file structure-v5.txt (compact mmCIF, C-alpha atoms)
# COMPACT_ATOMS: atom_id res chain seq x y z
CA MET C 1 98.13 95.42 177.90
CA ILE C 2 95.60 93.83 175.55
CA THR C 3 98.44 92.57 173.36
CA TYR C 4 100.12 90.85 176.29
CA LEU C 5 96.85 89.22 177.30
CA LYS C 6 96.41 87.86 173.79
CA LYS C 7 99.91 86.36 173.92
CA ALA C 8 99.42 84.85 177.41
CA PRO C 9 97.90 81.53 176.22
CA LEU C 10 100.83 80.95 173.84
CA HIS C 11 103.32 81.68 176.62
CA LEU C 12 101.52 79.34 178.99
CA LEU C 13 101.46 76.60 176.36
CA PHE C 14 105.18 77.01 175.67
CA TRP C 15 106.14 76.84 179.34
CA PHE C 16 103.89 73.82 179.84
CA VAL C 17 105.84 72.10 177.07
CA VAL C 18 109.11 73.09 178.77
CA TRP C 19 107.87 71.71 182.09
CA PHE C 20 106.77 68.48 180.38
CA PHE C 21 110.23 68.22 178.79
CA PHE C 22 111.96 68.62 182.16
CA THR C 23 109.59 66.11 183.77
CA SER C 24 110.17 63.50 181.08
CA PHE C 25 113.92 64.06 180.92
CA PHE C 26 114.72 64.05 184.65
CA SER C 27 112.29 61.27 185.60
CA ALA C 28 114.66 58.69 184.13
CA GLY C 29 116.02 56.40 186.82
CA THR C 30 113.66 57.41 189.65
CA ALA C 31 110.16 56.64 190.88
CA ASN C 32 109.97 59.64 193.19
CA ASP C 33 107.23 61.60 191.40
CA ASP C 34 107.10 64.33 194.04
CA PHE C 35 110.78 65.10 193.56
CA VAL C 36 110.50 65.06 189.76
CA PHE C 37 107.49 67.39 189.85
CA TRP C 38 109.15 69.84 192.23
CA PHE C 39 112.47 69.66 190.38
CA SER C 40 110.82 70.29 186.98
CA VAL C 41 108.76 73.19 188.31
CA SER C 42 111.87 74.76 189.87
CA LEU C 43 113.87 74.48 186.65
CA SER C 44 110.90 75.80 184.64
CA VAL C 45 110.63 78.87 186.88
CA THR C 46 114.38 79.41 186.62
CA SER C 47 114.14 79.16 182.82
CA ILE C 48 111.19 81.59 182.77
CA VAL C 49 113.04 84.18 184.84
CA GLY C 50 116.23 83.85 182.79
CA SER C 51 114.39 83.88 179.46
CA TYR C 52 112.30 86.98 180.20
CA ILE C 53 115.30 88.88 181.56
CA ALA C 54 117.23 88.08 178.38
CA ALA C 55 114.36 88.58 175.92
CA TYR C 56 112.66 91.64 177.40
CA ASP C 57 115.55 93.48 179.03
CA LEU C 58 119.03 92.54 177.84
CA ILE C 59 118.22 92.13 174.14
CA PRO C 60 115.98 95.19 173.53
CA ASN C 61 117.69 97.57 175.96
CA TYR C 62 121.33 96.68 175.37
CA LEU C 63 122.00 94.36 172.42
CA LEU C 64 119.66 96.07 169.95
CA GLN C 65 120.76 99.47 171.21
CA LYS C 66 124.36 98.45 170.44
CA LYS C 67 125.43 98.76 174.07
CA TYR C 68 127.58 95.67 173.70
CA LYS C 69 129.75 96.15 176.79
CA LEU C 70 126.75 96.49 179.10
CA PHE C 71 125.04 93.59 177.34
CA LEU C 72 128.08 91.39 177.92
CA LEU C 73 128.39 92.51 181.55
CA TYR C 74 124.74 91.95 182.42
CA GLY C 75 124.80 88.71 180.41
CA ILE C 76 127.58 87.42 182.66
CA TYR C 77 125.55 88.47 185.70
CA LEU C 78 122.58 86.51 184.34
CA VAL C 79 124.70 83.39 183.73
CA VAL C 80 126.10 83.54 187.28
CA PHE C 81 122.60 84.10 188.69
CA ILE C 82 121.10 81.15 186.78
CA THR C 83 124.04 78.93 187.76
CA CYS C 84 123.60 79.76 191.45
CA ILE C 85 119.84 79.20 191.36
CA THR C 86 120.32 75.86 189.55
CA ALA C 87 122.91 74.74 192.09
CA LEU C 88 120.55 75.77 194.89
CA VAL C 89 117.72 73.73 193.34
CA VAL C 90 119.98 70.66 193.15
CA PHE C 91 121.10 71.14 196.73
CA VAL C 92 117.53 71.57 198.05
CA GLY C 93 116.44 68.41 196.21
CA PHE C 94 119.43 66.56 197.53
CA ALA C 95 118.82 67.73 201.12
CA PHE C 96 115.02 67.50 201.44
CA PHE C 97 114.01 64.67 199.11
CA TYR C 98 117.00 62.33 199.49
CA ARG C 99 118.23 63.43 202.91
CA LEU C 100 121.79 63.92 201.75
CA GLU C 101 121.96 60.41 200.27
CA TYR C 102 123.90 61.25 197.14
CA LYS C 103 123.74 57.78 195.62
CA GLU C 104 119.94 57.67 195.75
CA MET C 105 119.52 60.77 193.60
CA PRO C 106 118.76 60.17 189.90
CA THR C 107 121.88 60.31 187.76
CA LEU C 108 120.73 63.21 185.59
CA THR C 109 119.78 65.40 188.55
CA LYS C 110 123.26 65.00 190.05
CA SER C 111 124.99 66.68 187.12
CA VAL C 112 124.79 70.45 187.42
CA SER C 113 126.39 70.81 183.98
CA VAL C 114 123.62 68.77 182.30
CA ILE C 115 120.94 70.76 184.11
CA LEU C 116 122.58 74.06 183.13
CA VAL C 117 122.76 72.98 179.49
CA CYS C 118 119.01 72.29 179.54
CA VAL C 119 118.16 75.60 181.22
CA PHE C 120 120.44 77.71 179.02
CA PHE C 121 119.15 75.89 175.95
CA ILE C 122 115.63 77.08 176.81
CA ILE C 123 116.89 80.64 177.47
CA ALA C 124 118.83 80.65 174.18
CA LEU C 125 115.77 79.33 172.31
CA VAL C 126 113.57 82.13 173.66
CA SER C 127 116.25 84.75 172.94
CA VAL C 128 116.71 83.59 169.34
CA PHE C 129 112.96 83.64 168.81
CA LYS C 130 112.86 87.19 170.21
CA LEU C 131 115.62 88.31 167.82
CA LEU C 132 113.93 86.67 164.83
CA ARG C 133 110.63 88.28 165.74
CA HIS C 134 112.32 91.67 166.12
CA ASN C 135 113.99 91.32 162.71
CA TYR C 136 110.70 90.31 161.10
CA THR C 137 108.86 93.23 162.72
CA THR C 138 111.61 95.63 161.66
CA LEU C 139 111.45 94.37 158.07
CA GLU C 140 107.66 94.77 158.05
CA LYS C 141 107.92 98.31 159.42
CA ASN C 142 110.61 99.22 156.89
CA LYS C 143 108.53 97.74 154.09
CA SER C 144 105.47 99.64 155.26
CA LEU C 145 107.44 102.89 155.49
CA GLU C 146 108.93 102.27 152.05
CA ASN C 147 105.48 101.65 150.59
CA LYS C 148 104.17 104.84 152.18
CA PHE C 149 107.17 106.75 150.86
CA LEU C 150 106.69 105.37 147.35
CA LYS C 151 102.97 106.11 147.49
CA THR C 152 103.64 109.69 148.60
CA LYS C 153 106.32 110.07 145.94
CA LEU C 154 103.92 108.76 143.29
CA GLU C 155 101.19 111.15 144.41
CA LEU C 156 103.61 114.08 144.28
CA LYS C 157 104.76 112.95 140.86
CA GLU C 158 101.19 112.72 139.59
CA ASN C 159 100.33 116.14 141.01
CA GLU C 160 103.43 117.69 139.45
CA LEU C 161 102.59 116.04 136.13
CA LYS C 162 99.04 117.42 136.26
CA PHE C 163 100.46 120.85 137.05
CA LEU C 164 102.82 120.69 134.09
CA LYS C 165 99.96 119.59 131.83
CA MET C 166 97.86 122.52 133.00
CA GLN C 167 100.71 124.87 132.09
CA ILE C 168 100.72 123.51 128.53
CA HIS C 169 96.97 123.36 127.82
CA PRO C 170 95.91 126.95 128.62
CA HIS C 171 98.71 128.30 126.44
CA PHE C 172 97.61 126.08 123.55
CA LEU C 173 93.96 127.12 123.91
CA PHE C 174 94.89 130.78 124.17
CA ASN C 175 96.74 130.71 120.85
CA THR C 176 94.02 128.77 119.09
CA LEU C 177 91.17 130.96 120.35
CA ASN C 178 93.06 134.10 119.34
CA THR C 179 93.31 132.74 115.81
CA LEU C 180 89.62 131.87 115.74
CA TYR C 181 88.71 135.30 117.11
CA GLY C 182 90.64 136.99 114.30
CA PHE C 183 88.79 134.96 111.64
CA ALA C 184 85.41 135.64 113.29
CA LEU C 185 86.06 139.39 113.15
CA LYS C 186 86.79 139.11 109.44
CA LYS C 187 83.77 136.81 108.96
CA ALA C 188 86.04 134.52 106.99
CA ALA C 189 84.58 131.50 105.18
CA GLU C 190 87.08 129.25 106.93
CA THR C 191 85.60 130.02 110.38
CA PRO C 192 83.23 126.95 110.52
CA GLU C 193 86.09 124.62 109.55
CA MET C 194 88.27 126.21 112.21
CA ILE C 195 85.54 125.68 114.81
CA LEU C 196 85.31 122.02 113.78
CA LYS C 197 89.05 121.57 114.07
CA LEU C 198 89.07 123.31 117.43
CA SER C 199 86.24 121.05 118.57
CA ASN C 200 88.34 118.00 117.66
CA LEU C 201 91.29 119.41 119.58
CA LEU C 202 89.18 120.12 122.66
CA ASP C 203 87.74 116.62 122.52
CA TYR C 204 91.27 115.24 122.46
CA ILE C 205 92.34 117.37 125.40
CA LEU C 206 89.28 116.72 127.56
CA TYR C 207 88.90 112.99 127.01
CA GLN C 208 92.30 111.68 125.98
CA VAL C 209 94.89 113.68 127.88
CA ASP C 210 94.21 112.06 131.27
CA LYS C 211 95.08 108.64 129.90
CA PRO C 212 98.61 107.43 130.67
CA LEU C 213 99.18 106.51 127.02
CA VAL C 214 97.50 107.23 123.70
CA LEU C 215 98.13 105.93 120.21
CA LEU C 216 100.87 107.80 118.42
CA LYS C 217 98.59 108.00 115.39
CA ASP C 218 96.03 109.93 117.46
CA GLU C 219 98.74 112.29 118.64
CA ILE C 220 99.77 112.86 115.02
CA HIS C 221 96.14 113.56 114.00
CA HIS C 222 96.02 116.07 116.85
CA ILE C 223 99.12 117.79 115.47
CA GLU C 224 97.65 117.78 111.96
CA ASP C 225 94.48 119.51 113.19
CA TYR C 226 96.58 122.12 114.94
CA VAL C 227 98.71 122.68 111.83
CA LEU C 228 95.60 123.12 109.67
CA LEU C 229 94.37 125.82 112.05
CA GLU C 230 97.69 127.60 111.84
CA LYS C 231 97.71 127.32 108.04
CA MET C 232 94.42 129.22 107.99
CA ARG C 233 95.98 131.92 110.14
CA PHE C 234 99.28 132.30 108.26
CA HIS C 235 97.95 131.76 104.71
CA ASP C 236 100.78 132.08 102.19
CA THR C 237 103.40 133.07 104.75
CA LEU C 238 103.54 129.50 106.14
CA GLU C 239 105.58 126.77 104.55
CA ILE C 240 105.25 123.54 106.53
CA THR C 241 106.11 119.93 105.76
CA MET C 242 105.18 116.93 107.88
CA ASP C 243 106.82 113.59 107.18
CA VAL C 244 105.57 110.56 109.12
CA GLU C 245 107.32 107.27 108.44
CA LYS C 246 105.78 103.86 109.18
CA VAL C 247 103.91 104.47 112.41
CA SER C 248 102.64 101.24 113.94
CA ASP C 249 98.92 100.99 114.68
CA ASN C 250 99.53 100.07 118.32
CA PHE C 251 102.49 102.35 119.07
CA GLN C 252 101.73 104.50 122.14
CA VAL C 253 103.08 107.68 123.70
CA ALA C 254 102.10 110.00 126.53
CA PRO C 255 99.25 112.34 125.46
CA MET C 256 100.05 115.94 124.50
CA LEU C 257 103.73 115.01 124.34
CA LEU C 258 104.57 116.53 120.96
CA ILE C 259 102.14 119.42 120.54
CA PRO C 260 104.11 121.83 122.83
CA PHE C 261 107.07 121.63 120.42
CA VAL C 262 104.76 122.41 117.50
CA GLU C 263 103.25 125.31 119.44
CA ASN C 264 106.70 126.72 120.17
CA SER C 265 107.65 126.57 116.51
CA PHE C 266 104.71 128.85 115.66
CA LYS C 267 104.99 131.05 118.73
CA HIS C 268 108.74 131.66 118.59
CA GLY C 269 109.32 131.05 114.88
CA ALA C 270 109.95 134.00 112.58
CA ILE C 271 109.10 134.84 108.98
CA VAL C 272 112.38 134.84 107.08
CA GLU C 273 112.37 135.95 103.45
CA GLY C 274 108.57 136.06 103.46
CA LYS C 275 108.06 132.58 104.90
CA LEU C 276 107.75 130.87 108.28
CA SER C 277 109.27 127.51 107.45
CA ILE C 278 108.54 124.51 109.67
CA SER C 279 109.61 120.94 109.09
CA ILE C 280 108.25 118.01 111.17
CA ILE C 281 109.63 114.46 110.89
CA ILE C 282 108.37 111.51 112.94
CA THR C 283 110.00 108.09 112.65
CA THR C 284 109.48 104.92 114.68
CA ASP C 285 110.91 101.46 115.09
CA GLU C 286 109.96 98.54 117.33
CA ASN C 287 110.37 100.26 120.69
CA SER C 288 111.32 103.88 120.09
CA PHE C 289 110.42 106.97 118.13
CA VAL C 290 112.17 110.11 116.98
CA PHE C 291 110.46 113.48 116.64
CA LYS C 292 112.27 116.30 114.81
CA ILE C 293 110.93 119.79 114.32
CA LYS C 294 112.79 122.70 112.75
CA ASN C 295 111.60 126.27 112.20
CA THR C 296 113.05 129.54 110.95
CA ALA C 297 114.17 132.13 113.50
CA LYS C 298 115.20 135.76 112.99
CA LYS C 299 118.21 135.82 115.23
CA LEU C 300 120.12 133.51 117.48
CA LYS C 301 119.31 133.64 121.15
CA LYS C 302 121.43 132.55 124.04
CA LYS C 303 121.35 128.80 124.31
CA SER C 304 119.03 128.62 127.28
CA GLU C 305 115.66 127.00 127.70
CA GLY C 306 112.54 128.99 128.43
CA ILE C 307 109.94 127.99 131.00
CA GLY C 308 107.96 126.05 128.39
CA LEU C 309 110.85 123.83 127.36
CA GLN C 310 111.87 123.37 130.98
CA ASN C 311 108.37 122.14 131.78
CA ILE C 312 108.46 119.78 128.81
CA ARG C 313 111.82 118.39 129.91
CA GLN C 314 110.50 117.86 133.45
CA ARG C 315 107.47 116.07 132.11
CA LEU C 316 109.62 113.83 129.92
CA GLN C 317 111.81 113.03 132.92
CA MET C 318 108.80 112.01 135.00
CA LEU C 319 107.25 109.96 132.21
CA TYR C 320 110.29 108.23 130.79
CA ASN C 321 113.01 108.61 133.42
CA ASP C 322 116.29 108.38 131.50
CA ASP C 323 114.85 106.63 128.45
CA PHE C 324 114.79 109.78 126.34
CA SER C 325 117.10 112.40 124.84
CA LEU C 326 116.14 115.97 124.01
CA GLU C 327 118.45 118.06 121.84
CA ILE C 328 117.87 121.76 121.14
CA ASN C 329 119.98 123.45 118.47
CA GLN C 330 120.06 127.01 117.11
CA GLU C 331 122.12 127.82 114.04
CA ASN C 332 121.84 129.55 110.64
CA LYS C 333 118.56 131.21 111.56
CA MET C 334 117.03 127.81 112.31
CA PHE C 335 115.75 126.44 115.59
CA GLU C 336 115.71 122.64 115.84
CA VAL C 337 114.41 120.21 118.45
CA VAL C 338 115.15 116.49 118.31
CA LEU C 339 113.35 114.19 120.75
CA LYS C 340 114.13 110.50 120.93
CA VAL C 341 112.32 108.18 123.31
CA THR C 342 113.41 104.58 123.82
CA ASN C 343 111.24 102.50 126.07
CA GLN C 344 109.62 99.09 125.79
CA SER C 345 106.60 100.43 127.68
CA LEU C 346 105.78 102.64 124.71
CA LYS C 347 104.32 99.68 122.93
CA GLU C 348 100.90 98.36 123.83
call {"tool": "encode", "arguments": {"input": "structure-v5.txt", "output": "structure tokens"}}
result
Amino acid sequence: MITYLKKAPLHLLFWFVVWFFFTSFFSAGTANDDFVFWFSVSLSVTSIVGSYIAAYDLIPNYLLQKKYKLFLLYGIYLVVFITCITALVVFVGFAFFYRLEYKEMPTLTKSVSVILVCVFFIIALVSVFKLLRHNYTTLEKNKSLENKFLKTKLELKENELKFLKMQIHPHFLFNTLNTLYGFALKKAAETPEMILKLSNLLDYILYQVDKPLVLLKDEIHHIEDYVLLEKMRFHDTLEITMDVEKVSDNFQVAPMLLIPFVENSFKHGAIVEGKLSISIIITTDENSFVFKIKNTAKKLKKKSEGIGLQNIRQRLQMLYNDDFSLEINQENKMFEVVLKVTNQSLKE
């Protein structure tokens, strides 16, 4: 109700303009102001009735509902009704204002066809405006719904990403603390250095991991700290090489992206011929990077991904869509993972 009241002044202004148009148009060739006023008011009322029937009944209830047969039928009824009313207005003007003197009537008011064109033009104008307004409103609603959908999808994506991160971090901390606990029991001299390295790792996790992107160099330093901790745990049974080629100072990746692969190599790797062998290679170019990690394994397993790798793959999919490839190979007592990410957004 309030909405209609707000629109009332605009409607009144529009119909005043219509009445003024009729008055100006049909006053040509006559000085009978009373007739022109009455005639214009009558045509305006006829136009109002026809316009509101078309705009607020036929269009929303039949045309937009795709009830085309009923729309056509009731449209014909409306045309006949408007034609009859217009003819009646002409006849009443002819009878009461000019006393059946046909020649004295203004030329324009004698032609029913001209009058009908004017009336139906107004009705068509209102109907077109109604359709345009409906289309605009529909587009706005669809856009609003789409924005809400995208917002909800983004929130779900962020929540799922946080969940996947939480699955990775506790496992990493568990392994590291177990190693530190073992050294503390032995009162090893390396314990303070291990605590320092662990402190650096925790700082990285707590303050860097919530960022959308971090420098690849920082991620590599994070891996190096982790590797140093594991070297202290494995001593001479660990043989690890890490080859990093030309990493740009501003090259960025998602935080904690690579460490799960390194963790898996220690967790699932096996000592073969007295050594746990791990090889890490990181290469970059202008807009992509390749991460390769290979470790020894006792026996071949069925080529299926565990929960950890599934979580990593899901996270990669959410972060990089289809701009990555992840290959996992097992052969000759070696387990190899090759990750390649290609995305312009990786660069700062």
call {"tool": "closest_residue", "arguments": {"input": "structure-v5.txt", "among": "C:Leu173, C:Leu276, C:Ile76, C:Leu257", "to": "Asp236 in chain C", "atoms": "all atoms listed in the file"}}
result
C:Leu276
call {"tool": "atom_distance", "arguments": {"input": "structure-v5.txt", "atom1": "CA of Ile278 in chain C", "atom2": "CA of Arg233 in chain C"}}
result
14.6 Å
call {"tool": "closest_residue", "arguments": {"input": "structure-v5.txt", "among": "C:His235, C:Val126, C:Lys7, C:Ala188", "to": "Ala54 in chain C", "atoms": "all atoms listed in the file"}}
result
C:Val126
call {"tool": "closest_residue", "arguments": {"input": "structure-v5.txt", "among": "C:Leu201, C:Lys217, C:Arg133, C:Ser47", "to": "Phe14 in chain C", "atoms": "only C-alpha atoms"}}
result
C:Ser47
call {"tool": "residues_around", "arguments": {"input": "structure-v5.txt", "residues": "Val341 in chain C", "least_positions_apart": "6", "cutoff": "9 Å", "atoms": "all atoms listed in the file", "output": "JSON, numbers by chain"}}
result
{"C": [287, 288, 289, 290, 291, 320, 323, 324, 325, 326]}
call {"tool": "closest_residue", "arguments": {"input": "structure-v5.txt", "among": "C:Lys130, C:Thr138, C:Pro212, C:Phe39", "to": "Val92 in chain C", "atoms": "all atoms listed in the file"}}
result
C:Phe39
call {"tool": "atom_distance", "arguments": {"input": "structure-v5.txt", "atom1": "CA of Asn200 in chain C", "atom2": "CA of Glu263 in chain C"}}
result
16.7 Å
call {"tool": "closest_residue", "arguments": {"input": "structure-v5.txt", "among": "C:Leu154, C:Ile115, C:Met256, C:Met105", "to": "Tyr204 in chain C", "atoms": "all atoms listed in the file"}}
result
C:Met256
call {"tool": "closest_residue", "arguments": {"input": "structure-v5.txt", "among": "C:Thr191, C:Ser277, C:Thr283, C:Asn135", "to": "Leu64 in chain C", "atoms": "all atoms listed in the file"}}
result
C:Asn135
call {"tool": "atom_distance", "arguments": {"input": "structure-v5.txt", "atom1": "CA of Phe174 in chain C", "atom2": "CA of Lys267 in chain C"}}
result
11.5 Å
call {"tool": "residues_around", "arguments": {"input": "structure-v5.txt", "residues": "Glu190 in chain C", "least_positions_apart": "6", "cutoff": "12 Å", "atoms": "all atoms listed in the file", "output": "list in words"}}
result
Thr179, Leu180, Tyr181, Gly182, Phe183, Ala184, Leu196, Lys197, Leu228, Leu229, Glu230, Lys231, Met232, Arg233 and His235 of chain C
call {"tool": "residues_around", "arguments": {"input": "structure-v5.txt", "residues": "Phe129 in chain C", "least_positions_apart": "2", "cutoff": "12 Å", "atoms": "all atoms listed in the file", "output": "MDAnalysis selection string"}}
result
chainID C and resid 51:52 54:56 59 122:127 131:136
call {"tool": "residues_around", "arguments": {"input": "structure-v5.txt", "residues": "Gly75 in chain C", "least_positions_apart": "2", "cutoff": "12 Å", "atoms": "all atoms listed in the file", "output": "PDB file with C-alpha atoms, in the coordinates of the input"}}
result
ATOM      1  CA  GLY C  50     116.230  83.850 182.790  1.00  0.00           C
ATOM      2  CA  SER C  51     114.390  83.880 179.460  1.00  0.00           C
ATOM      3  CA  ILE C  53     115.300  88.880 181.560  1.00  0.00           C
ATOM      4  CA  ALA C  54     117.230  88.080 178.380  1.00  0.00           C
ATOM      5  CA  ALA C  55     114.360  88.580 175.920  1.00  0.00           C
ATOM      6  CA  ASP C  57     115.550  93.480 179.030  1.00  0.00           C
ATOM      7  CA  LEU C  58     119.030  92.540 177.840  1.00  0.00           C
ATOM      8  CA  ILE C  59     118.220  92.130 174.140  1.00  0.00           C
ATOM      9  CA  TYR C  62     121.330  96.680 175.370  1.00  0.00           C
ATOM     10  CA  LEU C  63     122.000  94.360 172.420  1.00  0.00           C
ATOM     11  CA  LYS C  67     125.430  98.760 174.070  1.00  0.00           C
ATOM     12  CA  TYR C  68     127.580  95.670 173.700  1.00  0.00           C
ATOM     13  CA  LYS C  69     129.750  96.150 176.790  1.00  0.00           C
ATOM     14  CA  LEU C  70     126.750  96.490 179.100  1.00  0.00           C
ATOM     15  CA  PHE C  71     125.040  93.590 177.340  1.00  0.00           C
ATOM     16  CA  LEU C  72     128.080  91.390 177.920  1.00  0.00           C
ATOM     17  CA  LEU C  73     128.390  92.510 181.550  1.00  0.00           C
ATOM     18  CA  TYR C  77     125.550  88.470 185.700  1.00  0.00           C
ATOM     19  CA  LEU C  78     122.580  86.510 184.340  1.00  0.00           C
ATOM     20  CA  VAL C  79     124.700  83.390 183.730  1.00  0.00           C
ATOM     21  CA  VAL C  80     126.100  83.540 187.280  1.00  0.00           C
ATOM     22  CA  PHE C  81     122.600  84.100 188.690  1.00  0.00           C
ATOM     23  CA  ILE C  82     121.100  81.150 186.780  1.00  0.00           C
ATOM     24  CA  PHE C 120     120.440  77.710 179.020  1.00  0.00           C
ATOM     25  CA  ILE C 123     116.890  80.640 177.470  1.00  0.00           C
ATOM     26  CA  ALA C 124     118.830  80.650 174.180  1.00  0.00           C
TER      27      ALA C 124
END
call {"tool": "decode", "arguments": {"input": "structure-v5.txt", "residues": "range 282-299 of chain C", "atoms": "N, CA, C and O atoms", "output": "mmCIF file, in the first residue's frame"}}
result
data_model
loop_
_atom_site.group_PDB
_atom_site.id
_atom_site.type_symbol
_atom_site.label_atom_id
_atom_site.label_comp_id
_atom_site.auth_asym_id
_atom_site.auth_seq_id
_atom_site.Cartn_x
_atom_site.Cartn_y
_atom_site.Cartn_z
ATOM 1 N N ILE C 282 62.698 -27.976 -6.832
ATOM 2 C CA ILE C 282 61.735 -26.885 -7.045
ATOM 3 C C ILE C 282 62.277 -26.004 -8.160
ATOM 4 O O ILE C 282 63.393 -25.480 -8.065
ATOM 5 N N THR C 283 61.494 -25.855 -9.211
ATOM 6 C CA THR C 283 61.875 -24.984 -10.330
ATOM 7 C C THR C 283 60.745 -24.012 -10.627
ATOM 8 O O THR C 283 59.567 -24.341 -10.430
ATOM 9 N N THR C 284 61.090 -22.841 -11.124
ATOM 10 C CA THR C 284 60.075 -21.828 -11.439
ATOM 11 C C THR C 284 60.403 -21.164 -12.773
ATOM 12 O O THR C 284 61.546 -21.160 -13.224
ATOM 13 N N ASP C 285 59.356 -20.613 -13.386
ATOM 14 C CA ASP C 285 59.557 -19.703 -14.509
ATOM 15 C C ASP C 285 58.686 -18.480 -14.259
ATOM 16 O O ASP C 285 58.334 -18.193 -13.112
ATOM 17 N N GLU C 286 58.294 -17.780 -15.301
ATOM 18 C CA GLU C 286 57.610 -16.497 -15.101
ATOM 19 C C GLU C 286 56.281 -16.632 -14.360
ATOM 20 O O GLU C 286 55.944 -15.806 -13.532
ATOM 21 N N ASN C 287 55.504 -17.636 -14.678
ATOM 22 C CA ASN C 287 54.173 -17.727 -14.074
ATOM 23 C C ASN C 287 53.797 -19.137 -13.632
ATOM 24 O O ASN C 287 52.625 -19.484 -13.561
ATOM 25 N N SER C 288 54.781 -19.970 -13.357
ATOM 26 C CA SER C 288 54.476 -21.317 -12.892
ATOM 27 C C SER C 288 55.645 -21.863 -12.085
ATOM 28 O O SER C 288 56.750 -21.310 -12.108
ATOM 29 N N PHE C 289 55.367 -22.929 -11.366
ATOM 30 C CA PHE C 289 56.441 -23.613 -10.656
ATOM 31 C C PHE C 289 56.166 -25.118 -10.653
ATOM 32 O O PHE C 289 55.018 -25.557 -10.776
ATOM 33 N N VAL C 290 57.262 -25.850 -10.517
ATOM 34 C CA VAL C 290 57.178 -27.317 -10.470
ATOM 35 C C VAL C 290 57.853 -27.785 -9.192
ATOM 36 O O VAL C 290 58.969 -27.366 -8.878
ATOM 37 N N PHE C 291 57.150 -28.638 -8.463
ATOM 38 C CA PHE C 291 57.668 -29.213 -7.218
ATOM 39 C C PHE C 291 57.702 -30.731 -7.378
ATOM 40 O O PHE C 291 56.684 -31.361 -7.658
ATOM 41 N N LYS C 292 58.907 -31.297 -7.237
ATOM 42 C CA LYS C 292 59.072 -32.757 -7.336
ATOM 43 C C LYS C 292 59.669 -33.275 -6.036
ATOM 44 O O LYS C 292 60.638 -32.708 -5.531
ATOM 45 N N ILE C 293 59.093 -34.331 -5.519
ATOM 46 C CA ILE C 293 59.656 -34.977 -4.335
ATOM 47 C C ILE C 293 59.586 -36.481 -4.521
ATOM 48 O O ILE C 293 58.564 -37.018 -4.970
ATOM 49 N N LYS C 294 60.698 -37.145 -4.222
ATOM 50 C CA LYS C 294 60.793 -38.589 -4.414
ATOM 51 C C LYS C 294 61.419 -39.198 -3.158
ATOM 52 O O LYS C 294 62.373 -38.647 -2.613
ATOM 53 N N ASN C 295 60.840 -40.284 -2.684
ATOM 54 C CA ASN C 295 61.396 -40.961 -1.504
ATOM 55 C C ASN C 295 61.345 -42.475 -1.680
ATOM 56 O O ASN C 295 60.545 -43.004 -2.462
ATOM 57 N N THR C 296 62.229 -43.160 -0.940
ATOM 58 C CA THR C 296 62.270 -44.615 -1.009
ATOM 59 C C THR C 296 61.073 -45.216 -0.283
ATOM 60 O O THR C 296 60.562 -44.644 0.690
ATOM 61 N N ALA C 297 60.613 -46.346 -0.771
ATOM 62 C CA ALA C 297 59.486 -47.055 -0.174
ATOM 63 C C ALA C 297 59.783 -48.542 -0.200
ATOM 64 O O ALA C 297 60.409 -49.057 -1.147
ATOM 65 N N LYS C 298 59.377 -49.250 0.837
ATOM 66 C CA LYS C 298 59.686 -50.684 0.958
ATOM 67 C C LYS C 298 58.998 -51.515 -0.105
ATOM 68 O O LYS C 298 59.595 -52.346 -0.756
ATOM 69 N N LYS C 299 57.712 -51.295 -0.261
ATOM 70 C CA LYS C 299 56.975 -52.110 -1.213
ATOM 71 C C LYS C 299 55.925 -51.252 -1.894
ATOM 72 O O LYS C 299 55.487 -50.221 -1.378
#
